[in-house]
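**Student:** You'll find query_12.tsv just under this line, and it carries TSV, C-alpha atoms and all ligand atoms.
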chain	number	residue	atom	x	y	z
A	1	MET	CA	126.55	210.13	109.01
A	2	ALA	CA	128.57	207.74	111.13
A	3	LYS	CA	130.53	204.98	109.44
A	4	ILE	CA	132.58	201.96	110.38
A	5	ILE	CA	136.05	202.32	108.96
A	6	ALA	CA	137.96	199.32	110.31
A	7	GLY	CA	138.07	196.27	112.53
A	8	PHE	CA	140.70	195.43	115.15
A	9	ALA	CA	140.73	191.91	116.56
A	10	SER	CA	142.99	190.60	119.27
A	11	SER	CA	143.30	188.10	122.07
A	12	HIS	CA	142.52	189.43	125.54
A	13	VAL	CA	144.74	187.18	127.65
A	14	PRO	CA	144.48	188.30	131.33
A	15	ALA	CA	148.20	187.66	131.88
A	16	ILE	CA	148.94	190.41	129.31
A	17	GLY	CA	147.09	192.84	131.59
A	18	ALA	CA	149.01	191.55	134.62
A	19	ALA	CA	152.32	192.01	132.75
A	20	ILE	CA	151.38	195.65	132.05
A	21	ASP	CA	150.18	196.29	135.57
A	22	ASN	CA	153.31	194.73	137.10
A	23	GLY	CA	155.79	196.54	134.84
A	24	GLN	CA	156.95	193.41	133.00
A	25	THR	CA	156.45	194.57	129.42
A	26	GLU	CA	160.22	194.73	128.79
A	27	ASP	CA	160.86	191.20	130.07
A	28	PRO	CA	161.99	189.07	127.07
A	29	TYR	CA	158.97	186.74	127.41
A	30	TRP	CA	156.49	189.62	127.28
A	31	LYS	CA	158.46	191.90	124.96
A	32	ARG	CA	157.86	189.31	122.20
A	33	VAL	CA	154.12	189.78	122.71
A	34	PHE	CA	154.03	193.57	123.13
A	35	SER	CA	156.37	194.26	120.21
A	36	GLY	CA	153.74	192.72	117.95
A	37	PHE	CA	151.36	195.56	118.81
A	38	GLU	CA	153.70	198.51	118.19
A	39	LYS	CA	152.52	198.89	114.59
A	40	SER	CA	148.92	198.60	115.76
A	41	LYS	CA	149.37	201.48	118.20
A	42	LYS	CA	150.79	203.63	115.41
A	43	TRP	CA	147.95	202.61	113.11
A	44	ILE	CA	145.20	203.53	115.56
A	45	ALA	CA	146.97	206.77	116.55
A	46	GLU	CA	146.83	207.77	112.88
A	47	VAL	CA	143.28	206.53	112.32
A	48	LYS	CA	142.03	208.33	115.46
A	49	PRO	CA	138.58	206.72	115.70
A	50	ASP	CA	135.82	208.87	117.18
A	51	VAL	CA	134.25	205.83	118.82
A	52	VAL	CA	135.21	202.19	119.40
A	53	ILE	CA	132.62	199.43	119.67
A	54	ALA	CA	134.38	196.70	121.64
A	55	VAL	CA	133.01	193.17	121.39
A	56	TYR	CA	134.28	191.12	124.31
A	57	ASN	CA	133.13	188.64	126.89
A	58	ASP	CA	132.62	189.12	130.58
A	59	HIS	CA	134.36	186.48	132.72
A	60	ALA	CA	131.81	186.31	135.55
A	61	SER	CA	132.87	189.82	136.63
A	62	ALA	CA	129.82	191.95	135.77
A	63	PHE	CA	127.45	189.02	135.28
A	64	SER	CA	127.56	186.09	137.68
A	65	VAL	CA	126.39	182.66	136.62
A	66	GLU	CA	122.99	183.74	137.92
A	67	LEU	CA	122.41	186.01	134.94
A	68	ILE	CA	124.06	185.48	131.57
A	69	PRO	CA	122.88	187.65	128.69
A	70	THR	CA	123.82	186.40	125.22
A	71	PHE	CA	124.41	189.90	123.84
A	72	ALA	CA	124.64	192.83	126.28
A	73	LEU	CA	125.18	196.35	124.97
A	74	GLY	CA	126.61	198.99	127.30
A	75	THR	CA	124.57	202.18	126.99
A	76	ALA	CA	125.95	203.89	130.12
A	77	ALA	CA	128.10	207.01	130.20
A	78	GLU	CA	130.94	205.13	131.87
A	79	PHE	CA	132.11	201.64	132.80
A	80	PRO	CA	134.61	201.26	135.67
A	81	PRO	CA	137.21	198.45	135.66
A	82	ALA	CA	136.00	195.35	137.53
A	83	ASP	CA	137.68	193.78	140.52
A	84	GLU	CA	138.70	190.35	139.23
A	85	GLY	CA	140.15	189.16	142.51
A	86	TRP	CA	143.22	191.39	142.81
A	87	GLY	CA	141.43	194.74	142.91
A	88	PRO	CA	140.37	196.68	139.80
A	89	ARG	CA	143.07	197.00	137.14
A	90	PRO	CA	144.83	200.41	137.27
A	91	VAL	CA	143.36	201.49	133.93
A	92	PRO	CA	141.15	204.47	133.06
A	93	VAL	CA	137.39	204.27	133.43
A	94	VAL	CA	135.87	203.44	130.05
A	95	LYS	CA	133.76	206.36	128.85
A	96	GLY	CA	130.83	205.21	126.73
A	97	HIS	CA	128.80	206.88	124.01
A	98	PRO	CA	125.20	206.66	125.23
A	99	GLY	CA	123.83	208.38	122.12
A	100	LEU	CA	125.29	205.96	119.60
A	101	ALA	CA	124.83	202.96	121.91
A	102	SER	CA	121.11	203.71	122.38
A	103	HIS	CA	120.76	204.19	118.64
A	104	ILE	CA	122.41	200.80	118.00
A	105	ALA	CA	120.14	199.16	120.60
A	106	THR	CA	117.03	200.61	118.97
A	107	SER	CA	118.08	199.76	115.43
A	108	ALA	CA	119.32	196.25	116.22
A	109	ILE	CA	116.36	195.31	118.43
A	110	LEU	CA	113.87	196.51	115.84
A	111	ASP	CA	115.90	194.47	113.34
A	112	GLY	CA	115.29	191.31	115.39
A	113	PHE	CA	118.35	191.24	117.67
A	114	ASP	CA	117.04	191.19	121.23
A	115	LEU	CA	120.01	192.87	122.87
A	116	THR	CA	120.19	193.26	126.64
A	117	ILE	CA	120.51	196.96	127.45
A	118	VAL	CA	123.04	197.58	130.22
A	119	ASN	CA	122.95	200.93	131.99
A	120	LYS	CA	125.43	199.99	134.70
A	121	MET	CA	128.34	197.61	134.25
A	122	GLU	CA	131.93	197.06	135.24
A	123	VAL	CA	134.30	195.79	132.55
A	124	ASP	CA	137.00	193.18	133.02
A	125	HIS	CA	140.22	192.17	131.25
A	126	GLY	CA	138.22	190.95	128.25
A	127	LEU	CA	137.76	194.62	127.36
A	128	THR	CA	140.61	196.44	129.07
A	129	VAL	CA	143.49	194.27	127.79
A	130	PRO	CA	142.71	194.92	124.08
A	131	LEU	CA	142.39	198.64	124.92
A	132	ASN	CA	145.93	198.53	126.33
A	133	LEU	CA	147.19	196.68	123.27
A	134	ALA	CA	145.69	199.33	120.99
A	135	PHE	CA	146.22	202.50	123.02
A	136	GLY	CA	148.98	201.67	125.49
A	137	SER	CA	148.52	202.93	129.04
A	138	PRO	CA	147.23	206.53	128.78
A	139	ALA	CA	145.73	208.55	131.64
A	140	GLU	CA	142.40	208.49	129.74
A	141	TRP	CA	141.29	206.28	126.85
A	142	PRO	CA	141.45	208.48	123.74
A	143	CYS	CA	137.83	208.02	122.61
A	144	PRO	CA	134.45	206.79	123.82
A	145	ILE	CA	134.11	203.01	123.88
A	146	ILE	CA	130.83	201.10	123.63
A	147	PRO	CA	131.12	197.66	125.27
A	148	LEU	CA	129.22	194.75	123.73
A	149	ALA	CA	129.47	191.66	125.92
A	150	VAL	CA	128.85	188.27	124.32
A	151	ASN	CA	128.27	185.09	126.29
A	152	VAL	CA	130.99	182.56	125.53
A	153	VAL	CA	131.24	181.29	129.12
A	154	GLN	CA	128.05	179.27	129.57
A	155	TYR	CA	126.80	176.83	126.93
A	156	PRO	CA	125.27	177.64	124.50
A	157	PRO	CA	127.13	180.65	123.16
A	158	PRO	CA	125.71	182.27	120.03
A	159	THR	CA	126.73	180.77	116.69
A	160	GLY	CA	129.36	182.38	114.50
A	161	LYS	CA	126.62	183.12	111.96
A	162	ARG	CA	124.48	184.88	114.58
A	163	CYS	CA	127.50	186.94	115.63
A	164	PHE	CA	128.27	187.81	112.02
A	165	ASP	CA	124.66	188.87	111.46
A	166	LEU	CA	124.77	191.01	114.61
A	167	GLY	CA	127.80	192.72	113.09
A	168	ARG	CA	125.68	193.39	109.99
A	169	ALA	CA	122.91	194.88	112.18
A	170	ILE	CA	125.45	197.09	113.98
A	171	ARG	CA	126.83	198.24	110.64
A	172	LYS	CA	123.32	199.23	109.51
A	173	ALA	CA	122.68	201.01	112.82
A	174	VAL	CA	125.92	202.98	112.70
A	175	ALA	CA	125.29	204.00	109.09
A	176	SER	CA	121.98	205.59	110.11
A	177	TYR	CA	123.40	207.61	113.03
A	178	PRO	CA	123.28	211.27	112.02
A	179	GLU	CA	126.54	212.46	113.58
A	180	ASP	CA	129.74	212.21	111.51
A	181	LEU	CA	131.64	209.62	113.50
A	182	ARG	CA	134.41	207.29	112.36
A	183	VAL	CA	133.97	204.02	114.18
A	184	VAL	CA	136.36	201.10	114.70
A	185	VAL	CA	134.95	197.76	115.87
A	186	PHE	CA	137.06	195.57	118.14
A	187	GLY	CA	136.64	191.79	118.23
A	188	THR	CA	138.40	190.15	121.15
A	189	GLY	CA	139.17	186.74	122.63
A	190	GLY	CA	140.85	183.56	121.48
A	191	MET	CA	142.79	182.30	119.76
A	192	SER	CA	143.20	178.55	120.40
A	193	HIS	CA	143.39	177.72	124.08
A	194	GLN	CA	142.00	175.42	126.71
A	195	ILE	CA	142.47	176.23	130.37
A	196	SER	CA	141.30	173.03	132.06
A	197	GLY	CA	140.73	169.33	131.53
A	198	PRO	CA	142.95	166.73	129.87
A	199	ARG	CA	143.68	169.01	126.90
A	200	ALA	CA	144.67	172.04	129.02
A	201	GLY	CA	147.37	174.04	127.24
A	202	LEU	CA	146.13	173.06	123.77
A	203	ILE	CA	147.31	175.40	121.03
A	204	ASN	CA	146.63	174.84	117.33
A	205	SER	CA	148.61	177.32	115.25
A	206	LYS	CA	147.50	175.77	111.96
A	207	PHE	CA	143.84	176.35	112.86
A	208	ASP	CA	144.53	179.88	114.14
A	209	LYS	CA	146.38	180.95	110.99
A	210	SER	CA	143.69	179.49	108.76
A	211	PHE	CA	141.09	181.37	110.85
A	212	LEU	CA	142.95	184.65	110.23
A	213	ASP	CA	143.16	183.93	106.48
A	214	ARG	CA	139.48	183.12	106.20
A	215	LEU	CA	138.42	186.03	108.39
A	216	THR	CA	139.82	188.29	105.70
A	217	ASN	CA	138.89	186.36	102.57
A	218	ASP	CA	136.04	183.98	103.41
A	219	PRO	CA	134.16	185.60	106.29
A	220	LYS	CA	130.74	184.11	105.58
A	221	GLY	CA	132.13	180.60	105.13
A	222	LEU	CA	134.13	180.95	108.33
A	223	ALA	CA	131.13	182.24	110.27
A	224	ALA	CA	129.25	179.07	109.32
A	225	MET	CA	131.74	176.90	111.27
A	226	PRO	CA	129.86	174.92	113.97
A	227	HIS	CA	130.75	175.14	117.66
A	228	ILE	CA	132.07	171.58	117.74
A	229	GLU	CA	134.85	172.50	115.34
A	230	TYR	CA	136.06	175.30	117.63
A	231	MET	CA	136.02	172.85	120.54
A	232	ARG	CA	137.86	170.17	118.58
A	233	GLU	CA	140.42	172.36	116.84
A	234	ALA	CA	140.84	175.41	119.10
A	235	GLY	CA	140.07	174.00	122.55
A	236	ALA	CA	137.17	174.76	124.89
A	237	GLU	CA	138.04	178.43	125.28
A	238	GLY	CA	138.75	178.82	121.57
A	239	ILE	CA	135.01	179.40	121.26
A	240	GLU	CA	135.79	183.01	122.20
A	241	LEU	CA	136.65	183.44	118.52
A	242	VAL	CA	132.97	183.70	117.64
A	243	MET	CA	133.21	187.29	118.87
A	244	TRP	CA	135.54	188.12	115.99
A	245	HIS	CA	132.63	187.44	113.63
A	246	VAL	CA	130.69	190.40	115.08
A	247	MET	CA	133.60	192.62	114.11
A	248	ARG	CA	133.87	191.03	110.65
A	249	GLY	CA	130.14	191.23	110.00
A	250	ALA	CA	130.30	194.96	110.68
A	251	LEU	CA	132.83	195.43	107.85
A	252	ASP	CA	132.53	195.37	104.09
A	253	ASP	CA	132.58	192.04	102.25
A	254	LYS	CA	135.96	193.00	100.79
A	255	VAL	CA	138.48	194.40	103.23
A	256	LYS	CA	142.13	195.28	103.24
A	257	GLU	CA	144.24	193.37	105.75
A	258	VAL	CA	146.64	196.02	106.97
A	259	TYR	CA	148.37	194.11	109.74
A	260	ARG	CA	148.57	190.69	111.35
A	261	PHE	CA	150.48	189.33	114.31
A	262	TYR	CA	150.58	185.85	115.81
A	263	THR	CA	152.75	184.46	118.58
A	264	VAL	CA	152.77	181.46	120.90
A	265	PRO	CA	152.47	181.34	123.83
A	266	ALA	CA	151.24	184.06	126.15
A	267	SER	CA	150.36	182.38	129.41
A	268	ASN	CA	148.76	179.18	128.05
A	269	THR	CA	147.23	180.64	124.91
A	270	ALA	CA	148.04	181.65	121.38
A	271	VAL	CA	147.95	185.40	120.76
A	272	GLY	CA	146.40	186.47	117.48
A	273	HIS	CA	145.75	189.92	116.12
A	274	ILE	CA	144.52	191.37	112.85
A	275	ILE	CA	143.53	194.79	111.52
A	276	LEU	CA	141.12	195.03	108.60
A	277	GLU	CA	140.13	198.24	106.84
A	278	ASN	CA	137.01	199.03	104.85
A	279	GLY	CA	137.16	200.93	101.60
A	280	VAL	CA	138.34	198.24	99.17
A	281	LYS	CA	136.36	198.47	95.96
A	282	SER	CA	135.57	195.15	94.34
A	283	ALA	CA	136.73	194.72	90.72
A	284	LYS	CA	133.10	194.30	89.62
A	285	LYS	CA	131.97	197.53	91.31
A	286	ALA	CA	134.98	199.41	89.95
A	287	ALA	CA	134.18	198.18	86.42
A	288	LEU	CA	130.54	199.23	86.80
A	289	ARG	CA	131.58	202.66	88.03
A	290	LYS	CA	133.94	203.06	85.09
A	291	LYS	CA	131.23	202.01	82.64
A	292	SER	CA	128.62	204.38	84.08
A	293	ALA	CA	130.96	207.37	84.50
A	294	PRO	CA	130.12	210.20	82.08
A	295	LYS	CA	132.63	210.40	79.28
A	296	LYS	CA	134.56	213.64	78.95
A	297	ALA	CA	133.63	215.52	75.81
A	298	ALA	CA	136.55	215.85	73.41
A	299	PRO	CA	137.60	219.49	72.92
A	300	LYS	CA	136.09	220.93	69.77
A	301	LYS	CA	138.52	221.77	67.01
A	302	LYS	CA	138.42	225.37	65.95
A	303	SER	CA	137.67	225.97	62.33
A	304	LYS	CA	140.57	227.28	60.27
A	305	ALA	CA	138.81	230.65	59.92
A	306	LYS	CA	138.20	230.93	63.70
A	307	ALA	CA	141.79	229.90	64.39
A	308	ARG	CA	143.09	232.63	62.04
A	309	LYS	CA	140.76	235.18	63.75
A	310	ALA	CA	141.99	234.13	67.20
A	311	ALA	CA	145.61	234.45	66.08
B	1	FE	FE	138.50	185.41	127.75
The structure in this file should be written as structure tokens.
Ligand SMILES: [Fe+2]
**Tutor:**
Amino acid sequence: MAKIIAGFASSHVPAIGAAIDNGQTEDPYWKRVFSGFEKSKKWIAEVKPDVVIAVYNDHASAFSVELIPTFALGTAAEFPPADEGWGPRPVPVVKGHPGLASHIATSAILDGFDLTIVNKMEVDHGLTVPLNLAFGSPAEWPCPIIPLAVNVVQYPPPTGKRCFDLGRAIRKAVASYPEDLRVVVFGTGGMSHQISGPRAGLINSKFDKSFLDRLTNDPKGLAAMPHIEYMREAGAEGIELVMWHVMRGALDDKVKEVYRFYTVPASNTAVGHIILENGVKSAKKAALRKKSAPKKAAPKKKSKAKARKAA
């Protein structure tokens, strides 16, 4: 059966993609950002996921303001990079996994999540920048990637709780897929930033770091945070962070934080990144397992007569 083994969350700042595309990754300004993802590249190269489910938002590239799905799942075989005004990014075409994606759509929709099914879609920096941060710039992405676009552009975006619960539904769907696949879920966007208005340039490191802490240790409490708090504390575009809850909801309650990186600024935003692994056993479950484990029978002592005979 398929299983989700880890979550990978990161900002998807478009300027990071431009720095890659324009050969600026070694510039001191950008090196500070890219060096924070070196360990992540090694981690994912070792983990070698069979499939990635990438939760991101479209920035009016695939969906104009005429049509804005709240949750749109990519079920196509491939997703070309979108032209965001400077031509499509020079990155590989994203190859999907129609079998698993259709299975997730069926399971989640029958579970009450009315996903939009997308059989043709271009993907923008919201998806391709995190792929670069995880995989570098290969000729082909190393595994199939299922895009899940979440509306955080037009009010009202979904709540953190709804995103978390969608993660739970995805987890259930993946667990019932018959093929043995190891799946990593990406959550993208954020962290604190505001790109227009009187508070343009807002960055709140204290909020961002607390968000990372709680994402690991208090995911349900964090998912209950209302939209207004994101707006107040993390700026208008900080609402992108609700997408991280989809990733977190798809993981176990207890997770192992294997890596974290945070730096300010990249363009006019904070860059945050965290990797969480499943497989941590809670103390209660471990105690129960220990209690219910069959005790090993003590070896029987041979009688003195039998011992003499054996000798
Ligand atoms: Fe974005």
**Student:** Taking all atoms listed in the file into account, which residues have an atom no farther than 9 Å from ligand FE 1 (chain B)? I'd like them as a short mmCIF file (atom, residue, chain, number, x, y, z; two decimals) with C-alpha atoms, in the frame of the given file.
**Tutor:**
data_model
loop_
_atom_site.label_atom_id
_atom_site.label_comp_id
_atom_site.auth_asym_id
_atom_site.auth_seq_id
_atom_site.Cartn_x
_atom_site.Cartn_y
_atom_site.Cartn_z
CA SER A 11 143.30 188.10 122.07
CA HIS A 12 142.52 189.43 125.54
CA VAL A 13 144.74 187.18 127.65
CA PRO A 14 144.48 188.30 131.33
CA TYR A 56 134.28 191.12 124.31
CA ASN A 57 133.13 188.64 126.89
CA ASP A 58 132.62 189.12 130.58
CA HIS A 59 134.36 186.48 132.72
CA HIS A 125 140.22 192.17 131.25
CA GLY A 126 138.22 190.95 128.25
CA VAL A 152 130.99 182.56 125.53
CA VAL A 153 131.24 181.29 129.12
CA THR A 188 138.40 190.15 121.15
CA GLY A 189 139.17 186.74 122.63
CA GLY A 190 140.85 183.56 121.48
CA GLU A 237 138.04 178.43 125.28
CA GLU A 240 135.79 183.01 122.20
#
**Student:** For A:Arg199, please output as a list in words all residues within 9 Å (counting all atoms listed in the file; exclusion window: fewer than 3 positions along the same chain).
**Tutor:**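 Non-adjacent residues within range: Gln194, Ile195, Ser196, Leu202, Gly235 and Ala236 of chain A.
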**Student:** When you look at A:His103 with a cut-off of 9 Å (counting all atoms listed in the file), what residues show up, excluding the ones that are within fewer than 2 positions of it in the same chain? I need them as number ranges by chain.
**Tutor:** A: 98-101, 105-108, 173-174, 176-177
**Student:** For C-alpha atoms, I'd like the residues from the last selection saved as an mmCIF file, in the frame of the given file.
**Tutor:**
data_model
loop_
_atom_site.group_PDB
_atom_site.id
_atom_site.type_symbol
_atom_site.label_atom_id
_atom_site.label_comp_id
_atom_site.auth_asym_id
_atom_site.auth_seq_id
_atom_site.Cartn_x
_atom_site.Cartn_y
_atom_site.Cartn_z
ATOM 1 C CA PRO A 98 125.200 206.660 125.230
ATOM 2 C CA GLY A 99 123.830 208.380 122.120
ATOM 3 C CA LEU A 100 125.290 205.960 119.600
ATOM 4 C CA ALA A 101 124.830 202.960 121.910
ATOM 5 C CA ALA A 105 120.140 199.160 120.600
ATOM 6 C CA THR A 106 117.030 200.610 118.970
ATOM 7 C CA SER A 107 118.080 199.760 115.430
ATOM 8 C CA ALA A 108 119.320 196.250 116.220
ATOM 9 C CA ALA A 173 122.680 201.010 112.820
ATOM 10 C CA VAL A 174 125.920 202.980 112.700
ATOM 11 C CA SER A 176 121.980 205.590 110.110
ATOM 12 C CA TYR A 177 123.400 207.610 113.030
#
**Student:** Which residues are close to A:Pro157, i.e. within 12 Å by only C-alpha atoms, leaving aside same-chain residues fewer than 6 positions away? Reply as an MDAnalysis selection string.
**Tutor:** chainID A and resid 57 68:71 149:151 163 226:228 230 236:243
**Student:** Smallest atom-to-atom distance to A:Ala234: which of A:Val47, A:Leu215, A:Ala270, A:Ile170, using all atoms listed in the file?
**Tutor:** A:Ala270
**Student:** Leaving out A:Gly85 and any residue of its chain fewer than 4 positions from it, which residues lie within 12 Å of it when counting only C-alpha atoms, given as a ChimeraX atom specification?
**Tutor:** /A:59-61,81,89,124-125
**Student:** Can you spit out stretch 53-128 of chain A with C-alpha atoms, as a short mmCIF file (atom, residue, chain, number, x, y, z; two decimals), in the first residue's frame, from the structure just given?
**Tutor:**
data_model
loop_
_atom_site.label_atom_id
_atom_site.label_comp_id
_atom_site.auth_asym_id
_atom_site.auth_seq_id
_atom_site.Cartn_x
_atom_site.Cartn_y
_atom_site.Cartn_z
CA ILE A 53 1.97 15.72 -3.72
CA ALA A 54 2.69 19.44 -3.99
CA VAL A 55 0.27 21.84 -2.32
CA TYR A 56 0.72 25.30 -3.80
CA ASN A 57 -1.26 28.23 -5.09
CA ASP A 58 -1.69 29.44 -8.61
CA HIS A 59 -0.97 33.15 -9.07
CA ALA A 60 -3.53 33.88 -11.81
CA SER A 61 -1.43 31.79 -14.22
CA ALA A 62 -3.60 28.71 -14.83
CA PHE A 63 -6.77 30.20 -13.35
CA SER A 64 -7.68 33.80 -14.12
CA VAL A 65 -9.86 35.80 -11.76
CA GLU A 66 -12.78 34.50 -13.83
CA LEU A 67 -12.49 31.04 -12.32
CA ILE A 68 -11.00 30.37 -8.90
CA PRO A 69 -11.32 26.86 -7.50
CA THR A 70 -10.73 26.53 -3.76
CA PHE A 71 -9.00 23.15 -4.07
CA ALA A 72 -7.92 21.94 -7.53
CA LEU A 73 -6.23 18.57 -7.92
CA GLY A 74 -4.10 17.91 -11.00
CA THR A 75 -5.00 14.51 -12.44
CA ALA A 76 -3.25 14.98 -15.80
CA ALA A 77 -0.21 13.08 -17.03
CA GLU A 78 1.82 16.27 -17.28
CA PHE A 79 1.78 19.95 -16.36
CA PRO A 80 3.93 22.37 -18.40
CA PRO A 81 5.48 25.46 -16.78
CA ALA A 82 3.29 28.56 -17.15
CA ASP A 83 4.27 31.78 -18.86
CA GLU A 84 4.18 34.31 -16.02
CA GLY A 85 5.07 37.29 -18.18
CA TRP A 86 8.68 36.49 -19.08
CA GLY A 87 8.06 33.23 -20.92
CA PRO A 88 7.78 29.84 -19.21
CA ARG A 89 10.52 29.11 -16.68
CA PRO A 90 13.28 26.87 -18.13
CA VAL A 91 12.34 23.96 -15.87
CA PRO A 92 11.23 20.42 -16.74
CA VAL A 93 7.60 19.64 -17.45
CA VAL A 94 6.00 18.27 -14.29
CA LYS A 95 4.98 14.66 -14.83
CA GLY A 96 1.90 13.74 -12.81
CA HIS A 97 0.61 10.46 -11.44
CA PRO A 98 -2.91 10.15 -12.86
CA GLY A 99 -3.55 6.84 -11.08
CA LEU A 100 -2.87 8.09 -7.57
CA ALA A 101 -4.34 11.53 -8.30
CA SER A 102 -7.63 10.03 -9.52
CA HIS A 103 -7.70 7.76 -6.49
CA ILE A 104 -7.21 10.76 -4.17
CA ALA A 105 -9.96 12.67 -6.00
CA THR A 106 -12.38 9.77 -5.62
CA SER A 107 -11.55 9.11 -1.98
CA ALA A 108 -11.53 12.77 -0.91
CA ILE A 109 -14.71 13.71 -2.80
CA LEU A 110 -16.59 10.75 -1.38
CA ASP A 111 -15.25 11.86 2.01
CA GLY A 112 -16.91 15.27 1.57
CA PHE A 113 -14.10 17.31 -0.01
CA ASP A 114 -15.48 18.65 -3.29
CA LEU A 115 -12.18 18.92 -5.13
CA THR A 116 -12.00 20.44 -8.60
CA ILE A 117 -10.53 17.85 -10.97
CA VAL A 118 -8.03 19.39 -13.37
CA ASN A 119 -7.10 17.43 -16.47
CA LYS A 120 -5.14 20.23 -18.12
CA MET A 121 -3.14 22.85 -16.26
CA GLU A 122 0.06 24.85 -16.43
CA VAL A 123 1.98 25.33 -13.19
CA ASP A 124 3.68 28.53 -12.06
CA HIS A 125 6.46 29.48 -9.64
CA GLY A 126 4.27 28.48 -6.70
CA LEU A 127 5.04 24.88 -7.64
CA THR A 128 8.26 25.02 -9.63
#
